[in-house]
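First the structure, in the form of structure tokens, and then the observations on it.
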Amino acid sequence: MTARALINVPKEAKRGEVIAIKTLISHEMETGFRYDNTGKLVPRDIINLLVCTYNGVEIFRAELHPAISANPFIEFHTVATDSGKLEFKWSGDNGFSATESVTITVI
Amino acid sequence: MVAHHHTKRATRRGFLLGAAQLAGGVGLLSIFPCSESRALPDMVQAAIKKVVGAAPLRKGRVTLGLPPMVENGNAVSVEVSVESPMTASDYVKAIHVFNEKNPQPNVLSVRLGPHAGKARVSTRIRLATTQQVIAIAEMSDGTFWSDAVDTFVALAACQEDPG
């Protein structure tokens with residue numbers, strides 16, 4: 001299954017401006033604490049890491065636990081330093097991996 | 001030992017007090033203190049200790065934004081902001097969020113640096129029941145600061161059957 005990811009970053013920012021980065025990815029975030037109709041424990045299946053790099057340099061890292069809601073939403077900030085690429089990588093249980101990138105123009 | 005004092009801002013008691021006062025009981029209930037301390041479960045204290053180590057955990061500098069009352073515990077908006085100049089010599093290294101009564105104490109841990117510009121993170125979390133949520137900030141000078149908020153949860157997370 002490919003997860004759908006949404007990134008919201010301003011297309012353009014002034015140098016030195018603090019910008020908000022909003023990320024959302026489709027994922028069940030199965031906690032591992034729920035039982036199915038037959039009384040069997042549903043195994044944990046979550047995204048446990050989000051790493052964001054800005055022109056190749058890591059600027060943000062989030063460790064997610066089962067208490068994060070389904071379709072994890074994370075918002076954070078960074079200083080717009082240079083035009084370039086913001087890359088996002090989510091990884092998790094059962095070999096889950098997804099990447100997304102956006103470009104930003106710094107004026 | 002890790003104990004947390006409730007803030008006046010968004011505790012359940014504060015909410016109920018406000019509601020009671022609105023209802024006409026002005027002043028009557030205000031003799032009850034709005035802050036109290038309560039020991040957190042061992043599992044939560046252990047998880048916090050893992051982050052904080054032997055350093056003292058101080059109250060302040062962190063603001064945990066959480067509604068005092070939520071209808072649905074499956075997706076509760078949370079915002080943590082930390083007072084910091086976010087310069088190369090004085091910045092927030094990490095923000096951690098813990099809960100009191102979910103099956104596991106950890107919620108989220110993020111690493112930041114001076115390049116973040118602003119020490120503020122938002123997400124949506126699950127709350128299994130009415131409980132306290134705790135946010136801790138780790139500063140570049142090695143100090144730890146915290147805030148805790150009580151939230152009343154009407155419909156708990158993790159109660160529905162999987163689809």
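Letters for chains follow the order of the structure tokens (A, B, ...), residue numbers begin at 1 for each chain, and ligand numbers begin at 1 in the order shown.
Residues from chain A found within 8 Å of chain B are Val18, Phe33, Arg34, Tyr35, Asp36, Asn37, Ile59, Phe60, Arg61, Ala62, Glu63, Leu64, His65, Pro66, Ala67, Ile68, Ser69, Ala70, Pro72, Phe73, Ile74, Glu75, Phe76, His77, Thr78 and Val79 of chain A, counting only C-alpha atoms.
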Export of prior selection with N, CA and C atoms as a compact mmCIF listing (two decimals), in the first residue's frame:
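So part.txt came out as:
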```txt
# COMPACT_ATOMS: atom_id res chain seq x y z
N VAL A 18 10.81 32.60 9.69
CA VAL A 18 10.46 31.31 10.29
C VAL A 18 9.20 30.81 9.59
N PHE A 33 -2.97 -2.51 20.91
CA PHE A 33 -3.70 -2.71 22.17
C PHE A 33 -5.17 -3.03 21.93
N ARG A 34 -5.53 -3.24 20.65
CA ARG A 34 -6.95 -3.48 20.36
C ARG A 34 -7.18 -4.94 19.98
N TYR A 35 -8.40 -5.40 20.21
CA TYR A 35 -8.77 -6.77 19.87
C TYR A 35 -9.74 -6.76 18.70
N ASP A 36 -9.64 -7.78 17.83
CA ASP A 36 -10.59 -7.85 16.71
C ASP A 36 -11.86 -8.57 17.16
N ASN A 37 -12.79 -8.80 16.21
CA ASN A 37 -14.10 -9.40 16.54
C ASN A 37 -13.97 -10.80 17.15
N ILE A 59 16.85 18.69 9.86
CA ILE A 59 16.40 19.82 10.67
C ILE A 59 15.37 19.41 11.72
N PHE A 60 14.79 18.23 11.57
CA PHE A 60 13.73 17.83 12.49
C PHE A 60 13.60 16.32 12.48
N ARG A 61 13.36 15.77 13.66
CA ARG A 61 13.18 14.32 13.79
C ARG A 61 12.12 14.08 14.85
N ALA A 62 11.13 13.27 14.53
CA ALA A 62 10.07 12.98 15.49
C ALA A 62 9.91 11.48 15.67
N GLU A 63 9.91 11.05 16.93
CA GLU A 63 9.63 9.65 17.26
C GLU A 63 8.16 9.57 17.64
N LEU A 64 7.43 8.72 16.92
CA LEU A 64 6.00 8.59 17.16
C LEU A 64 5.71 7.31 17.94
N HIS A 65 4.75 7.38 18.82
CA HIS A 65 4.34 6.22 19.60
C HIS A 65 2.87 5.91 19.28
N PRO A 66 2.36 4.76 19.76
CA PRO A 66 0.97 4.41 19.41
C PRO A 66 -0.07 5.46 19.83
N ALA A 67 0.29 6.35 20.74
CA ALA A 67 -0.67 7.38 21.17
C ALA A 67 -0.85 8.49 20.14
N ILE A 68 -0.11 8.43 19.04
CA ILE A 68 -0.33 9.40 17.97
C ILE A 68 -1.53 8.93 17.14
N SER A 69 -2.43 9.84 16.84
CA SER A 69 -3.67 9.50 16.13
C SER A 69 -3.40 8.91 14.75
N ALA A 70 -4.38 8.18 14.24
CA ALA A 70 -4.32 7.68 12.87
C ALA A 70 -4.11 8.86 11.92
N PRO A 72 -1.11 10.42 10.95
CA PRO A 72 -0.33 11.34 11.78
C PRO A 72 -0.13 12.71 11.14
N PHE A 73 -0.45 13.73 11.94
CA PHE A 73 -0.25 15.12 11.56
C PHE A 73 0.83 15.69 12.47
N ILE A 74 1.83 16.29 11.88
CA ILE A 74 2.88 16.93 12.69
C ILE A 74 3.20 18.28 12.06
N GLU A 75 3.22 19.30 12.90
CA GLU A 75 3.60 20.62 12.43
C GLU A 75 4.80 21.11 13.21
N PHE A 76 5.77 21.66 12.48
CA PHE A 76 6.96 22.21 13.14
C PHE A 76 7.43 23.42 12.33
N HIS A 77 8.58 23.98 12.72
CA HIS A 77 9.04 25.22 12.08
C HIS A 77 10.50 25.14 11.68
N THR A 78 10.86 25.98 10.76
CA THR A 78 12.28 26.11 10.42
C THR A 78 12.54 27.51 9.89
N VAL A 79 13.80 27.92 9.94
CA VAL A 79 14.18 29.21 9.37
C VAL A 79 14.49 28.98 7.89
```
From the options A:Asn55, A:Thr2, A:Ser83, A:Asn71, which residue's atoms come nearest to Glu30 (chain A), counting only C-alpha atoms?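 Going through A:Asn55, A:Thr2, A:Ser83, A:Asn71 one by one, the smallest distance to Glu30 (chain A) is for A:Asn71.
One finds CA of Phe88 (chain A) at 11.6 Å from CA of Asn8 (chain A).
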Could you give me the residues within region 22-125 of chain B that DSSP places in helix (DSSP H, G or I), as a PyMOL selection string? chain B and resi 22+29-31+42-52+114-116
Would you mind exporting the chosen residues as an mmCIF file, in the first residue's frame, restricted to N, CA and C atoms?
```cif
data_model
loop_
_atom_site.group_PDB
_atom_site.id
_atom_site.type_symbol
_atom_site.label_atom_id
_atom_site.label_comp_id
_atom_site.auth_asym_id
_atom_site.auth_seq_id
_atom_site.Cartn_x
_atom_site.Cartn_y
_atom_site.Cartn_z
ATOM 1 N N LEU B 22 -20.196 30.461 36.689
ATOM 2 C CA LEU B 22 -21.128 30.987 35.700
ATOM 3 C C LEU B 22 -22.565 30.665 36.113
ATOM 4 N N LEU B 29 -17.139 28.219 45.457
ATOM 5 C CA LEU B 29 -16.209 27.122 45.240
ATOM 6 C C LEU B 29 -14.760 27.569 45.202
ATOM 7 N N SER B 30 -14.563 28.871 45.165
ATOM 8 C CA SER B 30 -13.189 29.333 44.956
ATOM 9 C C SER B 30 -12.320 29.153 46.200
ATOM 10 N N ILE B 31 -12.904 28.687 47.286
ATOM 11 C CA ILE B 31 -12.057 28.377 48.441
ATOM 12 C C ILE B 31 -11.228 27.117 48.195
ATOM 13 N N ASP B 42 4.019 4.854 38.252
ATOM 14 C CA ASP B 42 5.440 4.479 38.182
ATOM 15 C C ASP B 42 5.948 4.392 36.748
ATOM 16 N N MET B 43 5.102 3.812 35.874
ATOM 17 C CA MET B 43 5.501 3.623 34.477
ATOM 18 C C MET B 43 5.777 4.974 33.807
ATOM 19 N N VAL B 44 4.951 5.959 34.132
ATOM 20 C CA VAL B 44 5.121 7.292 33.551
ATOM 21 C C VAL B 44 6.370 7.954 34.141
ATOM 22 N N GLN B 45 6.530 7.811 35.457
ATOM 23 C CA GLN B 45 7.712 8.388 36.096
ATOM 24 C C GLN B 45 8.992 7.787 35.529
ATOM 25 N N ALA B 46 8.960 6.475 35.258
ATOM 26 C CA ALA B 46 10.137 5.808 34.698
ATOM 27 C C ALA B 46 10.441 6.343 33.300
ATOM 28 N N ALA B 47 9.391 6.544 32.504
ATOM 29 C CA ALA B 47 9.579 7.049 31.133
ATOM 30 C C ALA B 47 10.149 8.464 31.160
ATOM 31 N N ILE B 48 9.681 9.270 32.105
ATOM 32 C CA ILE B 48 10.180 10.641 32.222
ATOM 33 C C ILE B 48 11.623 10.635 32.698
ATOM 34 N N LYS B 49 11.905 9.754 33.647
ATOM 35 C CA LYS B 49 13.262 9.633 34.199
ATOM 36 C C LYS B 49 14.255 9.263 33.092
ATOM 37 N N LYS B 50 13.801 8.438 32.154
ATOM 38 C CA LYS B 50 14.651 8.004 31.045
ATOM 39 C C LYS B 50 15.106 9.203 30.203
ATOM 40 N N VAL B 51 14.247 10.196 30.123
ATOM 41 C CA VAL B 51 14.542 11.394 29.329
ATOM 42 C C VAL B 51 15.341 12.407 30.152
ATOM 43 N N VAL B 52 14.896 12.617 31.365
ATOM 44 C CA VAL B 52 15.439 13.686 32.202
ATOM 45 C C VAL B 52 16.704 13.257 32.951
ATOM 46 N N PRO B 114 18.651 25.144 16.745
ATOM 47 C CA PRO B 114 18.464 26.589 16.576
ATOM 48 C C PRO B 114 17.842 26.949 15.227
ATOM 49 N N HIS B 115 18.088 26.106 14.210
ATOM 50 C CA HIS B 115 17.548 26.352 12.863
ATOM 51 C C HIS B 115 16.023 26.270 12.807
ATOM 52 N N ALA B 116 15.400 25.772 13.895
ATOM 53 C CA ALA B 116 13.938 25.687 13.904
ATOM 54 C C ALA B 116 13.324 27.088 13.993
#
```
For CA of Tyr54 (chain A) and CA of Ile25 (chain A), the interatomic separation in Å (one decimal): 19.0 Å
Rank A:Ala20, A:Val57, A:Ile47, A:Met29 by their smallest atom-to-atom distance to Ala80 (chain A), using only C-alpha atoms, and report the top residue only. A:Ala20
Selection near Glu83 (chain B), 10 Å with only C-alpha atoms, sequence-local residues under 3 positions removed, as a ChimeraX atom specification: /B:60-63,86,91-92,118-120,137
Straight-line distance linking CA of Leu155 (chain B) with CA of Thr31 (chain A), stated in Å to one decimal: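 Distance reported for this atom pair: 17.1 Å.
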Check the DSSP output for the backbone and give back, as a VMD selection string, the residues of chain A in strand (DSSP E or B). chain A and resid 5 to 8 12 to 13 18 to 25 30 35 41 45 47 to 54 57 to 64 68 73 to 79 84 to 92 97 to 106
Save the residues we just selected, C-alpha atoms, as a PDB file, in the first residue's frame?
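Printed below is result.pdb as written:
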```
ATOM      1  CA  ALA A   5       1.329  12.210   2.197  1.00  0.00           C
ATOM      2  CA  LEU A   6       0.500  15.883   2.263  1.00  0.00           C
ATOM      3  CA  ILE A   7       3.055  18.594   2.942  1.00  0.00           C
ATOM      4  CA  ASN A   8       2.196  22.227   3.430  1.00  0.00           C
ATOM      5  CA  GLU A  12       8.295  31.317  -1.251  1.00  0.00           C
ATOM      6  CA  ALA A  13       9.797  32.852   1.870  1.00  0.00           C
ATOM      7  CA  VAL A  18      10.458  31.313  10.288  1.00  0.00           C
ATOM      8  CA  ILE A  19       8.136  29.087   8.263  1.00  0.00           C
ATOM      9  CA  ALA A  20       5.601  26.514   9.408  1.00  0.00           C
ATOM     10  CA  ILE A  21       5.848  23.013   7.969  1.00  0.00           C
ATOM     11  CA  LYS A  22       2.726  20.875   8.150  1.00  0.00           C
ATOM     12  CA  THR A  23       2.856  17.165   7.405  1.00  0.00           C
ATOM     13  CA  LEU A  24       0.076  14.611   7.161  1.00  0.00           C
ATOM     14  CA  ILE A  25       0.291  11.008   6.044  1.00  0.00           C
ATOM     15  CA  GLU A  30      -2.705   0.443  14.781  1.00  0.00           C
ATOM     16  CA  TYR A  35      -8.774  -6.772  19.867  1.00  0.00           C
ATOM     17  CA  LEU A  41      -5.044  -8.873  19.644  1.00  0.00           C
ATOM     18  CA  ASP A  45       1.524  -1.367  13.033  1.00  0.00           C
ATOM     19  CA  ILE A  47       4.843   4.864  11.815  1.00  0.00           C
ATOM     20  CA  ASN A  48       7.502   5.459  14.440  1.00  0.00           C
ATOM     21  CA  LEU A  49       9.793   7.997  12.817  1.00  0.00           C
ATOM     22  CA  LEU A  50       9.595  11.128  10.719  1.00  0.00           C
ATOM     23  CA  VAL A  51      12.806  12.799   9.595  1.00  0.00           C
ATOM     24  CA  CYS A  52      12.933  16.078   7.684  1.00  0.00           C
ATOM     25  CA  THR A  53      16.005  17.318   5.852  1.00  0.00           C
ATOM     26  CA  TYR A  54      16.529  20.753   4.303  1.00  0.00           C
ATOM     27  CA  VAL A  57      20.759  18.596   6.405  1.00  0.00           C
ATOM     28  CA  GLU A  58      18.521  17.105   9.068  1.00  0.00           C
ATOM     29  CA  ILE A  59      16.404  19.820  10.675  1.00  0.00           C
ATOM     30  CA  PHE A  60      13.726  17.833  12.491  1.00  0.00           C
ATOM     31  CA  ARG A  61      13.182  14.324  13.793  1.00  0.00           C
ATOM     32  CA  ALA A  62      10.065  12.984  15.489  1.00  0.00           C
ATOM     33  CA  GLU A  63       9.626   9.653  17.261  1.00  0.00           C
ATOM     34  CA  LEU A  64       6.003   8.594  17.165  1.00  0.00           C
ATOM     35  CA  ILE A  68      -0.330   9.402  17.969  1.00  0.00           C
ATOM     36  CA  PHE A  73      -0.252  15.123  11.557  1.00  0.00           C
ATOM     37  CA  ILE A  74       2.881  16.933  12.685  1.00  0.00           C
ATOM     38  CA  GLU A  75       3.595  20.621  12.429  1.00  0.00           C
ATOM     39  CA  PHE A  76       6.960  22.213  13.143  1.00  0.00           C
ATOM     40  CA  HIS A  77       9.041  25.221  12.084  1.00  0.00           C
ATOM     41  CA  THR A  78      12.282  26.108  10.422  1.00  0.00           C
ATOM     42  CA  VAL A  79      14.184  29.209   9.369  1.00  0.00           C
ATOM     43  CA  GLY A  84      16.059  24.215  -2.256  1.00  0.00           C
ATOM     44  CA  LYS A  85      14.415  21.040  -1.196  1.00  0.00           C
ATOM     45  CA  LEU A  86      12.726  19.840   1.958  1.00  0.00           C
ATOM     46  CA  GLU A  87      12.589  16.062   2.114  1.00  0.00           C
ATOM     47  CA  PHE A  88      10.408  14.028   4.438  1.00  0.00           C
ATOM     48  CA  LYS A  89      10.864  10.385   5.296  1.00  0.00           C
ATOM     49  CA  TRP A  90       8.453   8.356   7.393  1.00  0.00           C
ATOM     50  CA  SER A  91       9.331   4.862   8.548  1.00  0.00           C
ATOM     51  CA  GLY A  92       7.653   2.320  10.750  1.00  0.00           C
ATOM     52  CA  SER A  97       8.625   3.636   4.383  1.00  0.00           C
ATOM     53  CA  ALA A  98       7.385   6.708   2.554  1.00  0.00           C
ATOM     54  CA  THR A  99       9.077   9.804   1.217  1.00  0.00           C
ATOM     55  CA  GLU A 100       7.881  13.148  -0.033  1.00  0.00           C
ATOM     56  CA  SER A 101       9.633  16.357  -0.975  1.00  0.00           C
ATOM     57  CA  VAL A 102       8.775  19.967  -1.654  1.00  0.00           C
ATOM     58  CA  THR A 103      10.784  22.847  -3.010  1.00  0.00           C
ATOM     59  CA  ILE A 104      11.017  26.312  -1.527  1.00  0.00           C
ATOM     60  CA  THR A 105      12.255  29.546  -3.025  1.00  0.00           C
ATOM     61  CA  VAL A 106      14.012  31.872  -0.602  1.00  0.00           C
TER      62      VAL A 106
END
```
